[in-house]
Amino acid sequence: MLFNETTISRISVKNRIIRSATHDGLADEQGAPTEALINKYVQLAKNEVGCIITGYAAVSRNGVSPYPRMLRIYDDSATEKYMELTQAVHSQGAAVVLQLAHCGRQTSSKAIGMQKVAPSNVLHTFYPDKAKELDEDEIYAIIDDFAEAAVRAEKAGFDAVQLHGGHGYLLHDFLSAFGNRRTDKWGGSLQNRCRIVELIIKEIKERTNLPVWIKISAEDNRKGGMRIDSSVEICKRLEKAGCDAIEVSCGTVQDGMNTMRSKRMPMDAVFKYREPCASFPALLNKIALPAANLINPLLKQPQPLENFNVENAATIKKNVSVPIIVVGGIFELSEMEKILSTGQADFVSMCRPFICEPNLVKKLKDGQKRAKCIMCNYCGLVIEKEPTRCLYGKVKM
Ligand SMILES: Cc1cc2nc3c(=O)[nH]c(=O)nc-3n(C[C@H](O)[C@H](O)[C@H](O)COP(=O)(O)O)c2cc1C
Ligand code: SF4
């Protein structure tokens with residue numbers, strides 16, 4: 001089943017294995033895909049990934065990531081490069097989906113050169129500067145930004161778009177009662193919290209023929225935030241609004257070790273790549289890093305480390321009819337097969353395993369039983385300063 005050809009929302013795919021959205025840090029200064037990014041996707045496609053979801057692409061100027069070299073799609077300047085990218089991937093027989101995102105509170109005003117925006121001004125511990133609470137006109141402008149980004153994606157030849165509705169970004173903050181403290185028609189009830197996403201789906205459907213997918217954090221670990229029961233109700237509403245596929249993830253960037261789990265925090269990478277630690281004077285680092293390493297084993301990490309969204313995906317699948325994609329700690333070939341054969345999800349997606357082994361699908365087909373990635377999470381910290389890369393073999397777990 002895993003390796004059989006099939007379709008997902010009208011798109012033909014070689015198999016049921018998807019590369020989950022991964023910020024590659026390989027856009028140019030304007031946010032256009034570079035040759036290096038296109039080559040990376042061609043390698044994945046050549047090695048038989050069924051579908052590649054791009055790294056998150058900003059739909060608005062004020063929705064850009066603080067991480068360098070994010071993809072951007074808020075104007076027409078990159079259309080030709082995006083076209084090159086889709087043609088290159090299609091020529092190798094894979095499908096390619098553009099992930100559309102607005103970073104909301106999960107960026108800094110310094111990084112975007114203007115005040116950041118959010119449904120409500122809730123403190124973000126990594127990016128503590130104040131977010132401007134969006135007014136109604138600004139909310140409609142963001143809906144328009146998502147829809148126009150999808151129009152550009154269709155022109156460029158993408159097979160679908162995926163809304164980034166998880167991990168603490170703007171749409172997640174609207175959906176979740178933690179990030180959304182509004183008392184107007186955009187907040188409060190679940191119906192109101194879903195309004196922006198429903199309108200985005202509707203607008204994209206009106207302006208394009210593209211399937212619209214969404215990635216959500218079915219559980220976000222925040223006080224009063226997303227839990228599986230409310231996520232099921234949200235998914236039912238989004239399906240009704242026209243959403244064509246749902247990818248089930250969890251967590252937020254603030255508790256990043258939940259979204260991408262690991263036995264322990266890679267402290268040396270935190271001190272090298274994450275602000276403010278990365279800017280500590282060398283002398284302070286000399287004291288602070290050993291101290292952090294000392295307490296590291298005492299820090300409790302989310303469990304389980306593998307297949308951690310499968311149960312939630314299965315619950316959502318029971319309540320909707322659109323295809324369900326599950327991501328998060330999927331490393332074992334036997335688990336991938338089990339997820340599909342027991343009907344817990346329709347597709348499996350992976351991020352870190354493909355950073356480590358872009359040729360993983362081919363290897364699995366040739367008899368490898370498990371992805372090589374050791375969940376050290378160095379790649380997740382490297383991206384705060386540099387292009388994404390794997391440190392397998394260079395670090396100990
Ligand atoms: C380096 C890196 C970059 C990521 N970039 C994105 C992104 O752009 N969009 C997104 O939805 N998730 C992103 N994620 C999260 C992954 O897609 C995925 O949900 C998470 O890593 C769990 O899957 P895994 O266990 O297969 O790695 C990223 C994760 C990593 C490690
Ligand atoms: S750095 Fe490599 S081995 Fe470590 S989590 Fe990332 S992909 Fe896996």
# chains A, B, ... in the order shown; residues from 1 in each chain; ligands from 1
>>> residues_around(residues="Asn4 of chain A", least_positions_apart="2", cutoff="8 Å", atoms="only C-alpha atoms", output="PyMOL selection string")
chain A and resi 1-2+6+14-16
>>> residues_around(residues="segment 99-102 of chain A", least_positions_apart="2", cutoff="7 Å", atoms="only C-alpha atoms", output="list of chain:residue names")
A:Ala21, A:Ile53, A:Thr54, A:Gly55, A:Tyr56, A:Ala57, A:Ala58, A:Val59, A:Ser60, A:Gly63, A:Val64, A:Val97, A:Gly104, A:Val161, A:Gln162, A:Leu163, A:His164, A:Tyr169, A:Leu170
>>> write_last_selection(atoms="N, CA and C atoms", output="mmCIF file, in the first residue's frame")
data_model
loop_
_atom_site.group_PDB
_atom_site.id
_atom_site.type_symbol
_atom_site.label_atom_id
_atom_site.label_comp_id
_atom_site.auth_asym_id
_atom_site.auth_seq_id
_atom_site.Cartn_x
_atom_site.Cartn_y
_atom_site.Cartn_z
ATOM 1 N N ALA A 21 6.464 19.830 5.059
ATOM 2 C CA ALA A 21 7.044 21.164 4.854
ATOM 3 C C ALA A 21 8.298 21.336 5.705
ATOM 4 N N ILE A 53 6.166 18.902 0.030
ATOM 5 C CA ILE A 53 5.559 20.164 0.486
ATOM 6 C C ILE A 53 6.731 21.109 0.740
ATOM 7 N N THR A 54 6.679 22.289 0.143
ATOM 8 C CA THR A 54 7.810 23.220 0.268
ATOM 9 C C THR A 54 7.938 23.708 1.708
ATOM 10 N N GLY A 55 9.025 24.366 2.018
ATOM 11 C CA GLY A 55 9.121 25.090 3.282
ATOM 12 C C GLY A 55 8.089 26.210 3.285
ATOM 13 N N TYR A 56 7.805 26.738 4.443
ATOM 14 C CA TYR A 56 6.765 27.772 4.515
ATOM 15 C C TYR A 56 7.148 29.016 3.707
ATOM 16 N N ALA A 57 6.155 29.530 2.974
ATOM 17 C CA ALA A 57 6.370 30.711 2.134
ATOM 18 C C ALA A 57 5.489 31.840 2.668
ATOM 19 N N ALA A 58 6.097 32.994 2.889
ATOM 20 C CA ALA A 58 5.349 34.113 3.494
ATOM 21 C C ALA A 58 4.376 34.718 2.493
ATOM 22 N N VAL A 59 3.125 34.911 2.946
ATOM 23 C CA VAL A 59 2.103 35.493 2.067
ATOM 24 C C VAL A 59 2.014 37.014 2.218
ATOM 25 N N SER A 60 2.588 37.551 3.302
ATOM 26 C CA SER A 60 2.520 39.002 3.539
ATOM 27 C C SER A 60 3.892 39.486 4.002
ATOM 28 N N GLY A 63 4.503 38.976 7.558
ATOM 29 C CA GLY A 63 4.382 37.591 8.012
ATOM 30 C C GLY A 63 5.633 36.782 7.789
ATOM 31 N N VAL A 64 6.770 37.492 7.589
ATOM 32 C CA VAL A 64 8.028 36.809 7.269
ATOM 33 C C VAL A 64 8.682 36.262 8.552
ATOM 34 N N VAL A 97 3.679 20.829 -3.526
ATOM 35 C CA VAL A 97 2.644 21.643 -2.888
ATOM 36 C C VAL A 97 3.328 22.816 -2.194
ATOM 37 N N GLY A 104 2.800 35.695 12.002
ATOM 38 C CA GLY A 104 2.064 36.282 13.129
ATOM 39 C C GLY A 104 2.983 36.733 14.246
ATOM 40 N N VAL A 161 -2.011 24.017 -2.611
ATOM 41 C CA VAL A 161 -1.370 24.825 -1.566
ATOM 42 C C VAL A 161 -1.748 24.218 -0.219
ATOM 43 N N GLN A 162 -0.842 24.373 0.731
ATOM 44 C CA GLN A 162 -1.145 23.946 2.093
ATOM 45 C C GLN A 162 -1.078 25.171 3.000
ATOM 46 N N LEU A 163 -2.158 25.434 3.744
ATOM 47 C CA LEU A 163 -2.141 26.540 4.706
ATOM 48 C C LEU A 163 -1.398 26.056 5.943
ATOM 49 N N HIS A 164 -0.467 26.867 6.432
ATOM 50 C CA HIS A 164 0.188 26.502 7.694
ATOM 51 C C HIS A 164 -0.715 26.964 8.833
ATOM 52 N N TYR A 169 1.898 29.642 14.378
ATOM 53 C CA TYR A 169 1.872 30.750 13.413
ATOM 54 C C TYR A 169 0.482 31.403 13.407
ATOM 55 N N LEU A 170 0.317 32.413 12.551
ATOM 56 C CA LEU A 170 -0.871 33.268 12.657
ATOM 57 C C LEU A 170 -2.193 32.490 12.626
#
>>> closest_residue(among="A:Ala131, A:Leu85, A:Cys373, A:Leu305", to="ligand 2", atoms="only C-alpha atoms and all ligand atoms")
A:Cys373
>>> closest_residue(among="A:Glu206, A:Glu198, A:Glu133, A:Asp75", to="Ala149 of chain A", atoms="only C-alpha atoms")
A:Asp75
>>> closest_atom_pairs(of="chain A", to="ligand 2", cutoff="12 Å", atoms="only C-alpha atoms and all ligand atoms", output="JSON lines")
{"residue": "A:Thr22", "atom": "CA", "partner": "ligand 2", "partner_atom_place_in_ligand_line": "7 (S)", "distance": 11.0}
{"residue": "A:Asp24", "atom": "CA", "partner": "ligand 2", "partner_atom_place_in_ligand_line": "7 (S)", "distance": 11.9}
{"residue": "A:Met257", "atom": "CA", "partner": "ligand 2", "partner_atom_place_in_ligand_line": "5 (S)", "distance": 11.0}
{"residue": "A:Met260", "atom": "CA", "partner": "ligand 2", "partner_atom_place_in_ligand_line": "5 (S)", "distance": 8.4}
{"residue": "A:Arg261", "atom": "CA", "partner": "ligand 2", "partner_atom_place_in_ligand_line": "5 (S)", "distance": 8.9}
{"residue": "A:Ser262", "atom": "CA", "partner": "ligand 2", "partner_atom_place_in_ligand_line": "5 (S)", "distance": 7.9}
{"residue": "A:Lys263", "atom": "CA", "partner": "ligand 2", "partner_atom_place_in_ligand_line": "5 (S)", "distance": 10.7}
{"residue": "A:Arg264", "atom": "CA", "partner": "ligand 2", "partner_atom_place_in_ligand_line": "5 (S)", "distance": 11.2}
{"residue": "A:Met265", "atom": "CA", "partner": "ligand 2", "partner_atom_place_in_ligand_line": "5 (S)", "distance": 11.0}
{"residue": "A:Pro266", "atom": "CA", "partner": "ligand 2", "partner_atom_place_in_ligand_line": "4 (Fe)", "distance": 9.5}
{"residue": "A:Ala269", "atom": "CA", "partner": "ligand 2", "partner_atom_place_in_ligand_line": "1 (S)", "distance": 10.4}
{"residue": "A:Leu305", "atom": "CA", "partner": "ligand 2", "partner_atom_place_in_ligand_line": "5 (S)", "distance": 11.9}
{"residue": "A:Gly328", "atom": "CA", "partner": "ligand 2", "partner_atom_place_in_ligand_line": "5 (S)", "distance": 11.9}
{"residue": "A:Gly329", "atom": "CA", "partner": "ligand 2", "partner_atom_place_in_ligand_line": "5 (S)", "distance": 10.2}
{"residue": "A:Ile330", "atom": "CA", "partner": "ligand 2", "partner_atom_place_in_ligand_line": "8 (Fe)", "distance": 11.7}
{"residue": "A:Phe331", "atom": "CA", "partner": "ligand 2", "partner_atom_place_in_ligand_line": "8 (Fe)", "distance": 10.4}
{"residue": "A:Met350", "atom": "CA", "partner": "ligand 2", "partner_atom_place_in_ligand_line": "7 (S)", "distance": 10.4}
{"residue": "A:Cys351", "atom": "CA", "partner": "ligand 2", "partner_atom_place_in_ligand_line": "7 (S)", "distance": 7.9}
{"residue": "A:Arg352", "atom": "CA", "partner": "ligand 2", "partner_atom_place_in_ligand_line": "7 (S)", "distance": 4.2}
{"residue": "A:Pro353", "atom": "CA", "partner": "ligand 2", "partner_atom_place_in_ligand_line": "7 (S)", "distance": 5.7}
{"residue": "A:Phe354", "atom": "CA", "partner": "ligand 2", "partner_atom_place_in_ligand_line": "7 (S)", "distance": 7.0}
{"residue": "A:Ile355", "atom": "CA", "partner": "ligand 2", "partner_atom_place_in_ligand_line": "7 (S)", "distance": 4.7}
{"residue": "A:Cys356", "atom": "CA", "partner": "ligand 2", "partner_atom_place_in_ligand_line": "7 (S)", "distance": 4.2}
{"residue": "A:Glu357", "atom": "CA", "partner": "ligand 2", "partner_atom_place_in_ligand_line": "7 (S)", "distance": 7.8}
{"residue": "A:Pro358", "atom": "CA", "partner": "ligand 2", "partner_atom_place_in_ligand_line": "7 (S)", "distance": 10.0}
{"residue": "A:Leu360", "atom": "CA", "partner": "ligand 2", "partner_atom_place_in_ligand_line": "7 (S)", "distance": 11.8}
{"residue": "A:Ala371", "atom": "CA", "partner": "ligand 2", "partner_atom_place_in_ligand_line": "8 (Fe)", "distance": 9.1}
{"residue": "A:Lys372", "atom": "CA", "partner": "ligand 2", "partner_atom_place_in_ligand_line": "3 (S)", "distance": 7.1}
{"residue": "A:Cys373", "atom": "CA", "partner": "ligand 2", "partner_atom_place_in_ligand_line": "8 (Fe)", "distance": 3.8}
{"residue": "A:Ile374", "atom": "CA", "partner": "ligand 2", "partner_atom_place_in_ligand_line": "3 (S)", "distance": 4.5}
{"residue": "A:Met375", "atom": "CA", "partner": "ligand 2", "partner_atom_place_in_ligand_line": "5 (S)", "distance": 3.7}
{"residue": "A:Cys376", "atom": "CA", "partner": "ligand 2", "partner_atom_place_in_ligand_line": "4 (Fe)", "distance": 4.0}
{"residue": "A:Asn377", "atom": "CA", "partner": "ligand 2", "partner_atom_place_in_ligand_line": "5 (S)", "distance": 3.8}
{"residue": "A:Tyr378", "atom": "CA", "partner": "ligand 2", "partner_atom_place_in_ligand_line": "1 (S)", "distance": 4.4}
{"residue": "A:Cys379", "atom": "CA", "partner": "ligand 2", "partner_atom_place_in_ligand_line": "6 (Fe)", "distance": 4.2}
{"residue": "A:Gly380", "atom": "CA", "partner": "ligand 2", "partner_atom_place_in_ligand_line": "6 (Fe)", "distance": 6.6}
{"residue": "A:Leu381", "atom": "CA", "partner": "ligand 2", "partner_atom_place_in_ligand_line": "1 (S)", "distance": 8.9}
{"residue": "A:Val382", "atom": "CA", "partner": "ligand 2", "partner_atom_place_in_ligand_line": "1 (S)", "distance": 8.6}
{"residue": "A:Ile383", "atom": "CA", "partner": "ligand 2", "partner_atom_place_in_ligand_line": "6 (Fe)", "distance": 10.5}
{"residue": "A:Thr388", "atom": "CA", "partner": "ligand 2", "partner_atom_place_in_ligand_line": "6 (Fe)", "distance": 8.7}
{"residue": "A:Arg389", "atom": "CA", "partner": "ligand 2", "partner_atom_place_in_ligand_line": "1 (S)", "distance": 6.6}
{"residue": "A:Cys390", "atom": "CA", "partner": "ligand 2", "partner_atom_place_in_ligand_line": "2 (Fe)", "distance": 3.7}
{"residue": "A:Leu391", "atom": "CA", "partner": "ligand 2", "partner_atom_place_in_ligand_line": "1 (S)", "distance": 4.3}
{"residue": "A:Tyr392", "atom": "CA", "partner": "ligand 2", "partner_atom_place_in_ligand_line": "3 (S)", "distance": 4.3}
{"residue": "A:Gly393", "atom": "CA", "partner": "ligand 2", "partner_atom_place_in_ligand_line": "3 (S)", "distance": 7.8}
{"residue": "A:Lys394", "atom": "CA", "partner": "ligand 2", "partner_atom_place_in_ligand_line": "1 (S)", "distance": 8.9}
{"residue": "A:Val395", "atom": "CA", "partner": "ligand 2", "partner_atom_place_in_ligand_line": "4 (Fe)", "distance": 8.0}
{"residue": "A:Lys396", "atom": "CA", "partner": "ligand 2", "partner_atom_place_in_ligand_line": "4 (Fe)", "distance": 9.5}
{"residue": "A:Met397", "atom": "CA", "partner": "ligand 2", "partner_atom_place_in_ligand_line": "4 (Fe)", "distance": 9.0}
>>> residues_around(residues="segment 182-187 of chain A", least_positions_apart="2", cutoff="12 Å", atoms="only C-alpha atoms", output="number ranges by chain")
A: 118-122, 133-136, 139-140, 171, 173-180, 189-199
>>> residues_around(residues="Asp346 of chain A", least_positions_apart="2", cutoff="7 Å", atoms="only C-alpha atoms", output="JSON, numbers by chain")
{"A": [323, 324, 325, 340, 343]}
